[in-house]
Structures are given as C-alpha cells and as structure tokens.
Amino acid sequence: MKKRIFVTATNTDIGKTYTTKLLLQEFASRGLKVGVLKPIETGVINNHYPDGEELLACVKELNNNFEHLSVQDIVPISYELPAAPFVSSNNTKLDIQLLDATMQKLEKLCDVLIIEGAGGLYVPIDAQTMMIDLIKHTGATTLLVTHCSLGCINDTLLSSKALLDKEIPHAIAFNCRASDNSFSTISQPYFKKIGFEVLKVE
C-alpha cells in the first residue's frame with residue numbers, strides 16, 4: 001500500500017478541497033508523485049463535479065500520470081442531491097470493492113494518495129457506514145481540518161476524540177479565513193494550554 005492521507009473536517013464547507021490541493025502541491029514540491037481521490041461526491045448536477053473537477057485539474061498539473069484520467073476516475077461514486085450520501089443515494093449500500101479497486105488503480109500512478117472525504121466524520125454513507133468508518137477502512141493517516149471561528153474548540157475536540165476512539169492516527173489543521181481575526185484571542189489560548197500544535201492552513 002502506498003502512503004495514504006485522508007483529509008476530513010469538522011463539518012462541510014470547512015476547507016477540505018482547499019487543503020487537499022495545498023497538500024498535493026507541497027508533496028509535489030518535494031519530488032513525490034502525487035495522486036488524489038474523492039471517493040464520494042454529492043451535488044453532482046448535469047455531470048458537473050464541483051470538487052472533483054478542481055482536484056483533477058490540480059493533480060494533472062503536478063503528475064503527468066493523471067493526464068489521461070477523467071473526473072469519474074478520481075470520483076468513483078457520485079449523486080445529484082447535495083446532501084449526505086445516505087440521503088442522496090436513498091440508502092444505497094456502499095460499494096467498498098469499487099473504492100478499493102479505484103484506490104489500487106490510482107496508487108499505481110503515484111507515491112502518495114490524498115483522499116478527500118465528504119462532510120464531517122459522522123456523515124452517513126449508508127445504513128451501516130459513516131465517513132469515519134471509510135477512513136478506518138482505508139488505513140490512511142488522517143488530517144482533520146477545522147475552522148477558526150467561535151465554536152471551534154468544541155467542534156475540534158469532538159472530532160479529534162472520535163478519531164482517537166477509532167484509533168485513527170491524525171493531525172489537526174486550522175483553516176483560518178480572513179474573517180477569523182479573533183482566533184488568536186478567543187480560541188488559540190486554550191489549544192496551546194492543552195498542548196495542541198496550531199497548524200494553520202495558508
């Protein structure tokens with residue numbers, strides 16, 4: 001198995017795609033062949049993959065081995081309704097064999113595979129599977145992306161505990177946006193107190 005990194009977040013619209021692209025660029029700058037996979041994307045309307053197309057364009061610039069691939073090659077499962085996969089798919093059972101086969105195919109083209117999840121850890125995929133279960137299945141080291149606005153302490157600690165409970169190794173990155181100018185005084189002091197290294201996504 002090649003090196004796998006799973007990018008997840010405390011919620012939707014936290015910055016997973018932005019962070020995934022930064023990771024692709026960083027590893028490529030170190031001379032590694034990078035790859036990307038978004039196992040499931042919802043909100044795919046008229047064959048337009050908002051996240052998948054952005055990720056594919058990025059990886060094609062960094063690894064020529066991905067030049068011939070289509071967006072469906074890196075987003076094997078998609079649904080139209082922009083909701084949790086359980087709802088979007090009407091509780092269609094997750095095709096884990098398809099995801100495994102896709103990972104193995106992409107890993108032949110790269111040294112490190114960045115996998116971007118959908119939503120947060122407890123987004124339901126089907127009746128038996130949450131996003132955190134998919135993370136565990138991949139065996140990937142996980143990067144938890146969190147926000148810097150008020151409430152990030154609670155959101156970050158809950159998600160981190162969920163990963164710890166599942167024995168999933170992870171690091172935490174704070175995606176501080178321009179409007180989050182109070183983070184250093186409102187939330188960061190607590191994270192420093194409990195020994196969290198504040199890694200900002202920039």
# chains A, B, ... in the order shown; residues from 1 in each chain; ligands from 1

$ residues_around --residues "A:Gly120" --least-positions-apart "5" --cutoff "6 Å" --atoms "only C-alpha atoms" --output "PyMOL selection string"
chain A and resi 9-11

$ residues_around --residues "A:Lys166" --least-positions-apart "6" --cutoff "12 Å" --atoms "only C-alpha atoms" --output "mmCIF file with N, CA and C atoms, in the first residue's frame"
data_model
loop_
_atom_site.group_PDB
_atom_site.id
_atom_site.type_symbol
_atom_site.label_atom_id
_atom_site.label_comp_id
_atom_site.auth_asym_id
_atom_site.auth_seq_id
_atom_site.Cartn_x
_atom_site.Cartn_y
_atom_site.Cartn_z
ATOM 1 N N LEU A 121 -17.047 13.657 10.006
ATOM 2 C CA LEU A 121 -16.780 12.260 10.337
ATOM 3 C C LEU A 121 -18.030 11.404 10.438
ATOM 4 N N ILE A 132 -16.347 8.160 8.967
ATOM 5 C CA ILE A 132 -15.223 7.745 9.810
ATOM 6 C C ILE A 132 -14.908 6.259 9.605
ATOM 7 N N ASP A 133 -15.924 5.455 9.289
ATOM 8 C CA ASP A 133 -15.687 4.032 9.017
ATOM 9 C C ASP A 133 -14.917 3.853 7.713
ATOM 10 N N LEU A 134 -15.216 4.696 6.730
ATOM 11 C CA LEU A 134 -14.479 4.642 5.476
ATOM 12 C C LEU A 134 -13.015 5.026 5.691
ATOM 13 N N ILE A 135 -12.790 6.049 6.520
ATOM 14 C CA ILE A 135 -11.423 6.447 6.848
ATOM 15 C C ILE A 135 -10.669 5.272 7.467
ATOM 16 N N LYS A 136 -11.295 4.620 8.429
ATOM 17 C CA LYS A 136 -10.667 3.472 9.093
ATOM 18 C C LYS A 136 -10.350 2.371 8.079
ATOM 19 N N HIS A 137 -11.261 2.146 7.160
ATOM 20 C CA HIS A 137 -11.073 1.094 6.154
ATOM 21 C C HIS A 137 -9.857 1.372 5.272
ATOM 22 N N GLY A 139 -7.114 2.786 6.020
ATOM 23 C CA GLY A 139 -5.843 2.689 6.723
ATOM 24 C C GLY A 139 -4.993 3.935 6.599
ATOM 25 N N THR A 142 -4.741 10.529 8.912
ATOM 26 C CA THR A 142 -5.817 11.494 8.681
ATOM 27 C C THR A 142 -5.406 12.904 9.058
ATOM 28 N N SER A 159 -14.395 15.972 17.190
ATOM 29 C CA SER A 159 -13.915 15.202 16.043
ATOM 30 C C SER A 159 -12.618 14.481 16.354
ATOM 31 N N SER A 160 -11.727 15.141 17.087
ATOM 32 C CA SER A 160 -10.470 14.511 17.460
ATOM 33 C C SER A 160 -10.719 13.294 18.352
#

$ closest_residue --among "A:Cys176, A:Val36, A:Cys148, A:Ile5" --to "A:Lys105" --atoms "only C-alpha atoms"
A:Val36

$ residues_around --residues "stretch 110-113 of chain A" --least-positions-apart "5" --cutoff "8 Å" --atoms "only C-alpha atoms" --output "compact mmCIF listing (two decimals) with C-alpha atoms, in the first residue's frame"
# COMPACT_ATOMS: atom_id res chain seq x y z
CA LYS A 2 1.30 3.44 -0.93
CA LYS A 3 1.20 6.33 1.52
CA ARG A 4 -2.40 7.45 2.04
CA ILE A 5 -3.59 10.66 3.67
CA LEU A 32 6.93 12.99 -4.94
CA LYS A 33 4.38 11.83 -7.48
CA VAL A 34 1.02 12.86 -6.06
CA GLY A 35 -2.43 11.42 -6.60
CA VAL A 36 -5.91 12.33 -5.47
CA LEU A 37 -9.16 10.52 -4.82
CA ASN A 63 1.64 14.49 -12.11
CA ASN A 65 0.41 10.12 -14.98

$ select_by_dssp --residues "stretch 125-172 of chain A" --states "strand (DSSP E or B)" --output "list in words"
Met130, Thr141, Thr142, Leu143, Leu144, Val145, Thr146, His147, His170, Ala171 and Ile172 of chain A

$ closest_residue --among "A:Asp165, A:Asp100, A:Glu197, A:Asp155" --to "A:Pro39" --atoms "only C-alpha atoms"
A:Asp100

$ closest_residue --among "A:Ser89, A:Thr138, A:Gln128, A:Ser149" --to "A:Ser179" --atoms "only C-alpha atoms"
A:Ser149

$ atom_distance --atom1 "atom CA of A:Ile186" --atom2 "atom CA of A:Ile14"
18.6 Å
